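Peer 1: This is the structure, below, for whatever I ask next.
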Amino acid sequence: MKKGFFARFSKGSGNPSSPAPVLNEHEQRLVTICTRPIQEALDALKTALEGLTAEETENRLDEYGPNELSNRKRLGFWADIFQRIKGPLVVQLLVIALISALIGEIKSAVIVGMMILLSVGLSYILDRRSSRAVDTLGKRVQSRTFALRDGKESEVKISEIVPGDIVLLQSGSIVPADLRIIAAKDFFVSESALTGESMPVEKTSANPGASLHSALDQPNACFYGTSVTSGTARGLVVNTGVRTLFGGISERLNEKGEETSFDRGIRSFTWLMIRFMMVLACAVFFIVGMTKGNWLEAMLFGLSIAVGLTPEMLPMIVTVNLAKGALTLAQKKVIVKRLQSIQNFGAIDILCTDKTGTLTQDRVVLERHVDIIGHASDEVLNYAYINSYFQTGLRNLIDRAVLNHVDLYPEQDCRLVDELPFDFHRRRMSVVVDYEGDHVLICKGAVEEIYACCSSYQIDDEVYPLIDMIRADLFEDVENLNRDGFRVLAIGYREFPRNKTVFTVDDESQLILLGYVAFFDPPKVSATEAIELLSNAGVKVKVLTGDNGLVTEKVCRDVGINVERIITGSDLAQVSGKEFSKTVQESNVFVKLSPSQKEQIVKELRRNGHVVGFMGDGINDAPAMKAADVGISVDSAVDVAKESADIVLLEKSLRVLEEGIMEGRRVFANIIKYIRMGASSNFGNMFSVIGASYLIPFLPMQPVQILTNNLLYDFSQTGIPTDNVDEELVAKPLKWNIDNIKRFMVFIGPVSSIFDYATFALMWFFFRCSAFTNPALTALQKESLAQLFQTGWFVESLLTQTLIVHIIRTRKIPFFGSRASLPMTMTTLAIMAIGAWLPYSPFAKDLGMVPLPAVFWGWIAAFLVTYSLLTHLIKTWFFHRYGDN
């Protein structure tokens, strides 16, 4: 979203004389609440500092509705149907059906109508059924927030937040509504989703007075959809849902997502087929009109050809494949939040991932607590415990490991005075406690960052000055622990007089280095197998972490990642341009990264032509997830990470991710099957139709027969989404390649024309349809010969193009080396059986068909075998030369 655009909804032009922006009633309400004292604001919303009661919440939920944006609502039945029929393919069929009805060809109009019903109806039914199932599973990954209900802190769904709620916010939280801050501590919010500003904004509970007119200018206002980067706060909910600033913008914009390469490919293929169809239909119309002299018949034939060449099942095939893929992925513990992301999921060739919980077991254990010379120290453990116990921010695995290691009761001897929450720039956090007569600031964080804040160190009860000469000695034990796979944090402290009660990050200086706590997160047993599977599948894994290099290198080697080169965040900051691109491309382990550096790496990889997936679960991963082709998160991730994700894993495992990627490739492969078949079939039909229209003195196939043929063929393709996919097809990333599809069309398409012309020759010479030109024959006899010819081509055309999908669907020998799924096999066999039965059926007369001689079936069997062999040979040569992509 561009900053300049949203400025029109918020801030003025920057000119002091420019008029105040016009606010809608909801923005005005927020501004009014923010400029009142806290108690007046609470009274205005009929709430209290203890929050709402359960009964009040229920009543307000009925009054204001769920806290959701309107663009998340599902389209109604008629709106959904309209969306599906306004596509160019369906509009084209509707026009043809209307013209057919107007000129009295009711049978043709009915058949075209059935095609529309098949395409739109199946797409609607299967898409709705699949979406409902996925939505049910998706409820497991709904974002939640903490609110005061009945005076108690409760975890509730964001959709259930109502005006008057008191919500609790901390680092990693999504702001659940437009709200007024009533208490805050070092509270910073990222408003980039709303304003485009990348730098976090500090928010306080201070009353700004009445001088600020814009809602975004209020220093005590937070907005729906923004995210907390650091600190803690309590907020009074003012507006929810579409009444929020974000909701109002979404109402006016309803912005569409960026078109993926696959979407562009589908669209370009669709219009290629439409242009192809229009040229051929016009050519056939003029050829038939000039050679046969019946222009009405020529128009009907041209319209029928247009229908036959329209890939009207393409939208249904794409939609059903994606929906089926989402359902299959859900069964594998992969929830698809955005259906279109399945296409990119299968195309991923680089996976960027954090280390913790993905390569490791996400089960941190406190192993050692030592002073700076490596001796076990209870004092280090005690100070680490106090720090973790009293901190009120986002409690991570490290804090939980400290608290689970031993049972201490610091509340008996300590009282929390102040807190300096963790952020990703300082990489440390501090608590200030009243302890043993002093206010003691206890700081815990990355070793380098704590060391930079220290001026002395302690051994036993003695304190010594910290000078650079002994730095190497002090860090020797730390490096040894890191090499053994331990994550090491340093503990420092500083004592202040009790009369000092307000603290800032400037007080994190002149600390005394007390010692280290070492944690171990063992590698996952499944990670080694998953890394190997991803490598075999053509996916390169790059590790992007904020952790240090020694620990990361040890873990990577344990799980089988060949560490080609380790790049630190500081190394990356020193390079730019081509050198930056080369570094990102060649290196596979990046450590000590900031959130912005992760994002830069992902963007650079995409610029280099890669399809990039990013897997993360922390607030520091959200920018990179948004920048990736596919953002991947986990059910246990912080809210902002889950909201940024396209895919949510219910199990944080690369093995699950690998299964998801392979399923994405299967979906893509089945879509490409239909596209390749449709393109080659249409290209071949061009030669057959033009030649037959010019050479044969009557219509080579009646319009109603062409439409029936196409309707039956469409039915035969409904089994494609269920088809099996060869392992070789999904062994590497699959990307959209329109040039490869065009080449396939040019080489495979004319093969069908060879057997069409063979059928023309068979009917014309062997079955004596050439007698049609004998002037001695009666009109009835000529009609019978024409119907015999038309019936023969109808049967041959339907059987060959229905059978050929079994040849095209695999690079292996069809039926033996690779078999289609049972539903696809049954649909194709059923349609071929119906095609063979129709000339002898009660419908034969209405369709202009006559029974075929028994010997005809021997010829057709020979044609089918020869056609299959020739197509397989050309297909094998094609894939050997040009490949699948």
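Identifiers in this document derive from the order of the structure tokens: chains are assigned A, B, ..., residues are numbered from 1 separately in each chain, and ligands are numbered from 1 in order of occurrence.
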So that I can check the secondary structure, give me every residue of stretch 282-398 of chain A assigned helix (DSSP H, G or I) by backbone DSSP, as an NGL selection string.

Peer 2: :A and (282-292 or 295-308 or 314-331 or 341-347 or 378-390 or 397-398)

Peer 1: Would you list the contacts of stretch 376-381 of chain A as number ranges by chain, taking every protein, DNA or RNA residue within 12 Å and counting only C-alpha atoms, but skipping same-chain residues closer than 2 positions in sequence?

Peer 2: A: 366-374, 383-389, 399, 401-408, 410, 442-444, 458-461, 489-493, 512-518

Peer 1: DSSP on the backbone, strand (DSSP E or B) only: what residues of stretch 200-444 of chain A does that give? Format it as number ranges by chain.

Peer 2: A: 201-203, 221-222, 227-239, 334-336, 350-353, 360, 365-370, 376, 414-420, 428-435, 438-444

Peer 1: Keeping only C-alpha atoms, write the selected residues to a file as a tab-separated table (two decimals), in the first residue's frame.

Peer 2:
chain	number	residue	atom	x	y	z
A	201	VAL	CA	5.81	4.86	15.98
A	202	GLU	CA	5.85	5.39	19.74
A	203	LYS	CA	2.42	5.45	21.39
A	221	ALA	CA	-4.45	6.02	19.12
A	222	CYS	CA	-3.72	2.61	17.61
A	227	SER	CA	1.35	-4.56	14.81
A	228	VAL	CA	3.23	-4.10	18.07
A	229	THR	CA	7.01	-4.15	17.68
A	230	SER	CA	7.97	-3.65	21.34
A	231	GLY	CA	6.63	-2.73	24.75
A	232	THR	CA	3.30	-3.30	26.48
A	233	ALA	CA	0.05	-1.35	26.64
A	234	ARG	CA	-3.62	-1.41	27.51
A	235	GLY	CA	-6.13	-0.02	25.09
A	236	LEU	CA	-9.78	1.04	25.12
A	237	VAL	CA	-11.54	-0.26	22.00
A	238	VAL	CA	-13.42	2.52	20.19
A	239	ASN	CA	-14.26	1.18	16.70
A	334	VAL	CA	-1.16	-27.53	5.98
A	335	ILE	CA	-3.85	-24.83	5.99
A	336	VAL	CA	-4.13	-22.70	2.85
A	350	ILE	CA	14.38	-21.62	-2.56
A	351	LEU	CA	13.06	-22.01	0.96
A	352	CYS	CA	14.25	-19.49	3.52
A	353	THR	CA	13.68	-20.57	7.10
A	360	THR	CA	15.58	-27.84	16.05
A	365	VAL	CA	16.47	-26.54	28.02
A	366	LEU	CA	18.63	-24.52	30.42
A	367	GLU	CA	21.80	-26.58	30.68
A	368	ARG	CA	24.34	-24.32	32.35
A	369	HIS	CA	24.49	-21.16	34.48
A	370	VAL	CA	28.09	-20.07	34.93
A	376	ALA	CA	28.57	-22.90	38.04
A	414	CYS	CA	11.57	-8.51	45.12
A	415	ARG	CA	9.12	-6.00	43.75
A	416	LEU	CA	8.95	-4.93	40.10
A	417	VAL	CA	9.78	-1.25	39.74
A	418	ASP	CA	10.14	-0.82	35.96
A	419	GLU	CA	10.80	-2.71	32.76
A	420	LEU	CA	12.66	-2.09	29.50
A	428	ARG	CA	18.22	-7.43	25.16
A	429	MET	CA	15.61	-6.69	27.84
A	430	SER	CA	15.80	-5.47	31.41
A	431	VAL	CA	13.71	-5.45	34.55
A	432	VAL	CA	14.24	-3.17	37.51
A	433	VAL	CA	13.40	-4.67	40.90
A	434	ASP	CA	13.50	-3.50	44.48
A	435	TYR	CA	16.01	-6.03	45.82
A	438	ASP	CA	18.47	-1.11	46.09
A	439	HIS	CA	16.76	-0.74	42.75
A	440	VAL	CA	18.60	-3.34	40.68
A	441	LEU	CA	18.49	-3.28	36.87
A	442	ILE	CA	18.97	-6.86	35.62
A	443	CYS	CA	19.69	-7.11	31.90
A	444	LYS	CA	19.57	-10.30	29.83

Peer 1: Could you tell me how far atom CA of A:Met677 sits from atom CA of A:Leu873, in Å to one decimal place?

Peer 2: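 We find that atom CA of A:Leu873 and atom CA of A:Met677 lie 16.1 Å from each other.
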
Peer 1: Check which residues of stretch 781-855 of chain A sit at most 10 Å from stretch 763-771 of chain A using only C-alpha atoms, and return one row each with the closest pair of atoms and their distance in Å to one decimal, ordered by chain and rising number, as JSON lines.

Peer 2:
{"residue": "A:Gln781", "atom": "CA", "partner": "A:Ala771", "partner_atom": "CA", "distance": 9.4}
{"residue": "A:Lys782", "atom": "CA", "partner": "A:Ala771", "partner_atom": "CA", "distance": 7.9}
{"residue": "A:Ser784", "atom": "CA", "partner": "A:Cys769", "partner_atom": "CA", "distance": 9.1}
{"residue": "A:Leu785", "atom": "CA", "partner": "A:Cys769", "partner_atom": "CA", "distance": 5.3}
{"residue": "A:Ala786", "atom": "CA", "partner": "A:Cys769", "partner_atom": "CA", "distance": 7.0}
{"residue": "A:Gln787", "atom": "CA", "partner": "A:Cys769", "partner_atom": "CA", "distance": 9.4}
{"residue": "A:Leu788", "atom": "CA", "partner": "A:Cys769", "partner_atom": "CA", "distance": 7.6}
{"residue": "A:Phe789", "atom": "CA", "partner": "A:Met763", "partner_atom": "CA", "distance": 5.6}
{"residue": "A:Gln790", "atom": "CA", "partner": "A:Met763", "partner_atom": "CA", "distance": 9.0}
{"residue": "A:Thr791", "atom": "CA", "partner": "A:Met763", "partner_atom": "CA", "distance": 9.7}
{"residue": "A:Gly792", "atom": "CA", "partner": "A:Met763", "partner_atom": "CA", "distance": 7.0}
{"residue": "A:Trp793", "atom": "CA", "partner": "A:Met763", "partner_atom": "CA", "distance": 8.3}
{"residue": "A:Leu852", "atom": "CA", "partner": "A:Phe767", "partner_atom": "CA", "distance": 10.0}
{"residue": "A:Pro853", "atom": "CA", "partner": "A:Phe767", "partner_atom": "CA", "distance": 8.9}
{"residue": "A:Val855", "atom": "CA", "partner": "A:Phe767", "partner_atom": "CA", "distance": 9.9}

Peer 1: Atom CA of A:Thr35 and atom CA of A:Ser205 are how many Å apart?

Peer 2: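 Atom CA of A:Ser205 lies at a distance of 10.5 Å from atom CA of A:Thr35.
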
Peer 1: Env of A:Arg565: 10 Å cut, atoms = only C-alpha atoms, seq-sep filter 6 positions within chain, self excluded. Answer as a ChimeraX atom specification.

Peer 2: /A:553,583,586-590

Peer 1: Would you export the selected residues with C-alpha atoms as a CSV table (one decimal), in the first residue's frame, please?

Peer 2:
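Produced file out15.csv, reproduced below:
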chain,number,residue,atom,x,y,z
A,553,GLU,CA,26.6,-23.7,12.0
A,583,THR,CA,26.4,-12.8,-1.7
A,586,GLU,CA,25.9,-18.0,-3.2
A,587,SER,CA,25.5,-18.1,0.6
A,588,ASN,CA,23.1,-20.4,2.3
A,589,VAL,CA,23.4,-19.5,6.0
A,590,PHE,CA,22.8,-15.9,7.3

Peer 1: Could you state the separation of atom CA of A:Val630 and atom CA of A:Met615 in Å, given to one decimal place?

Peer 2: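 We find that atom CA of A:Val630 and atom CA of A:Met615 lie 8.6 Å from each other.
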
Peer 1: Hey, what's within 7 Å of stretch 270-273 of chain A if we count only C-alpha atoms and toss same-chain stuff fewer than 4 positions away? As an MDAnalysis selection string, please?

Peer 2: chainID A and resid 266 277 310

Peer 1: For each of A:Tyr882, A:Phe269, A:Tyr694, A:Phe519, take the minimum atom-to-atom distance to A:Asn740, counting only C-alpha atoms, then give the residue where this is smallest.

Peer 2: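 Smallest distance to A:Asn740 is found for A:Tyr882.
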
Peer 1: List as a list in words the protein and nucleic acid residues near A:Val112, meaning an atom at most 8 Å away when only C-alpha atoms are counted, but skip any in the same chain fewer than 4 places from it.

Peer 2: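 In the requested format, the answer is Leu93, Leu94, Ile96, Ala97, Ser108, Ile116, Val307, Leu707 and Leu711 of chain A.
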
Peer 1: Could you write out the selected residues, including all heavy atoms, as a compact mmCIF listing (two decimals), in the first residue's frame?

Peer 2:
# COMPACT_ATOMS: atom_id res chain seq x y z
N LEU A 93 -19.74 -18.23 -24.79
CA LEU A 93 -20.72 -19.30 -24.95
C LEU A 93 -22.15 -18.76 -24.82
O LEU A 93 -23.06 -19.22 -25.54
CB LEU A 93 -20.48 -20.38 -23.91
CG LEU A 93 -19.19 -21.21 -24.07
CD1 LEU A 93 -19.09 -22.24 -22.96
CD2 LEU A 93 -19.15 -21.89 -25.42
N LEU A 94 -22.36 -17.82 -23.92
CA LEU A 94 -23.71 -17.23 -23.77
C LEU A 94 -24.14 -16.53 -25.05
O LEU A 94 -25.31 -16.65 -25.48
CB LEU A 94 -23.71 -16.24 -22.60
CG LEU A 94 -23.72 -16.83 -21.19
CD1 LEU A 94 -23.49 -15.74 -20.16
CD2 LEU A 94 -25.04 -17.55 -20.91
N ILE A 96 -23.11 -17.21 -28.11
CA ILE A 96 -23.38 -18.25 -29.12
C ILE A 96 -24.72 -18.91 -28.86
O ILE A 96 -25.50 -19.17 -29.80
CB ILE A 96 -22.24 -19.29 -29.11
CG1 ILE A 96 -20.95 -18.64 -29.63
CG2 ILE A 96 -22.60 -20.51 -29.94
CD1 ILE A 96 -19.72 -19.52 -29.52
N ALA A 97 -25.03 -19.21 -27.59
CA ALA A 97 -26.32 -19.81 -27.26
C ALA A 97 -27.48 -18.89 -27.63
O ALA A 97 -28.51 -19.34 -28.16
CB ALA A 97 -26.37 -20.15 -25.77
N SER A 108 -29.11 -26.66 -30.55
CA SER A 108 -27.76 -26.13 -30.37
C SER A 108 -27.71 -25.24 -29.13
O SER A 108 -26.75 -25.30 -28.34
CB SER A 108 -27.33 -25.34 -31.61
OG SER A 108 -27.28 -26.18 -32.74
N ILE A 116 -22.39 -24.52 -20.44
CA ILE A 116 -22.25 -23.43 -19.47
C ILE A 116 -22.59 -23.92 -18.07
O ILE A 116 -21.89 -23.63 -17.10
CB ILE A 116 -23.15 -22.24 -19.87
CG1 ILE A 116 -22.71 -21.66 -21.21
CG2 ILE A 116 -23.14 -21.16 -18.78
CD1 ILE A 116 -23.67 -20.63 -21.79
N VAL A 307 -17.55 -22.87 -30.49
CA VAL A 307 -17.81 -23.56 -29.22
C VAL A 307 -16.81 -24.68 -29.01
O VAL A 307 -16.25 -24.87 -27.93
CB VAL A 307 -19.25 -24.11 -29.18
CG1 VAL A 307 -19.46 -24.97 -27.93
CG2 VAL A 307 -20.25 -22.97 -29.20
N LEU A 707 -21.38 -29.76 -31.27
CA LEU A 707 -21.71 -29.34 -29.91
C LEU A 707 -21.82 -30.55 -28.98
O LEU A 707 -21.36 -30.51 -27.84
CB LEU A 707 -23.01 -28.54 -29.91
CG LEU A 707 -22.97 -27.20 -30.67
CD1 LEU A 707 -24.35 -26.56 -30.68
CD2 LEU A 707 -21.95 -26.26 -30.03
N LEU A 711 -19.55 -31.34 -25.75
CA LEU A 711 -20.17 -31.54 -24.44
C LEU A 711 -19.66 -32.83 -23.80
O LEU A 711 -19.30 -32.87 -22.62
CB LEU A 711 -21.69 -31.56 -24.57
CG LEU A 711 -22.48 -31.80 -23.27
CD1 LEU A 711 -22.23 -30.68 -22.27
CD2 LEU A 711 -23.97 -31.92 -23.57

Peer 1: May I have the residues within 9 Å of A:Thr528 as a list of chain:residue names, using only C-alpha atoms and disregarding those fewer than 4 positions away in the same chain?

Peer 2: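 Skipping anything fewer than 4 positions along the chain leaves A:Leu359, A:Pro523, A:Lys524, A:Glu532, A:Leu533, A:Asp558, A:Val559, A:Gly560, A:Ile561.
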
Peer 1: If you count only C-alpha atoms, which residues fall within 10 Å of A:Ile804, apart from same-chain ones fewer than 6 positions away, as a short mmCIF file (atom, residue, chain, number, x, y, z; two decimals) with N, CA, C and O atoms, in the first residue's frame?

Peer 2:
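After the write, part_9.cif holds the following:
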data_model
loop_
_atom_site.label_atom_id
_atom_site.label_comp_id
_atom_site.auth_asym_id
_atom_site.auth_seq_id
_atom_site.Cartn_x
_atom_site.Cartn_y
_atom_site.Cartn_z
N MET A 677 -3.43 -30.36 -23.41
CA MET A 677 -4.34 -31.13 -24.24
C MET A 677 -5.26 -30.22 -25.04
O MET A 677 -5.48 -30.42 -26.23
N SER A 681 -5.06 -29.99 -29.07
CA SER A 681 -6.28 -30.44 -29.75
C SER A 681 -6.83 -29.34 -30.65
O SER A 681 -7.20 -29.59 -31.80
N SER A 752 -3.09 -35.27 -34.56
CA SER A 752 -4.53 -35.60 -34.61
C SER A 752 -5.10 -35.34 -35.99
O SER A 752 -5.99 -36.06 -36.46
N PRO A 814 1.99 -45.06 -21.45
CA PRO A 814 0.64 -45.01 -20.86
C PRO A 814 0.07 -46.40 -20.62
O PRO A 814 0.39 -47.36 -21.34
N THR A 828 -13.37 -41.26 -18.85
CA THR A 828 -12.96 -41.36 -20.25
C THR A 828 -13.55 -42.60 -20.90
O THR A 828 -14.03 -42.55 -22.05
N LEU A 864 -6.74 -45.85 -33.50
CA LEU A 864 -6.47 -45.50 -32.10
C LEU A 864 -5.11 -46.01 -31.64
O LEU A 864 -4.36 -45.31 -30.96
N TYR A 867 -2.42 -44.01 -33.58
CA TYR A 867 -2.42 -42.64 -33.07
C TYR A 867 -1.73 -42.57 -31.70
O TYR A 867 -0.89 -41.70 -31.44
N SER A 868 -2.03 -43.53 -30.84
CA SER A 868 -1.43 -43.55 -29.50
C SER A 868 0.08 -43.76 -29.59
O SER A 868 0.85 -43.07 -28.90
N THR A 871 1.77 -40.56 -31.16
CA THR A 871 1.75 -39.44 -30.19
C THR A 871 2.75 -39.69 -29.07
O THR A 871 3.45 -38.77 -28.63
N HIS A 872 2.81 -40.93 -28.61
CA HIS A 872 3.75 -41.26 -27.53
C HIS A 872 5.19 -41.05 -27.98
O HIS A 872 6.01 -40.51 -27.22
#

Peer 1: Would you please work out which residue, of A:Lys333, A:His425, A:Lys554, A:Arg29, is nearest to A:Asn482 when using only C-alpha atoms?

Peer 2: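 Closest candidate: A:Lys554.
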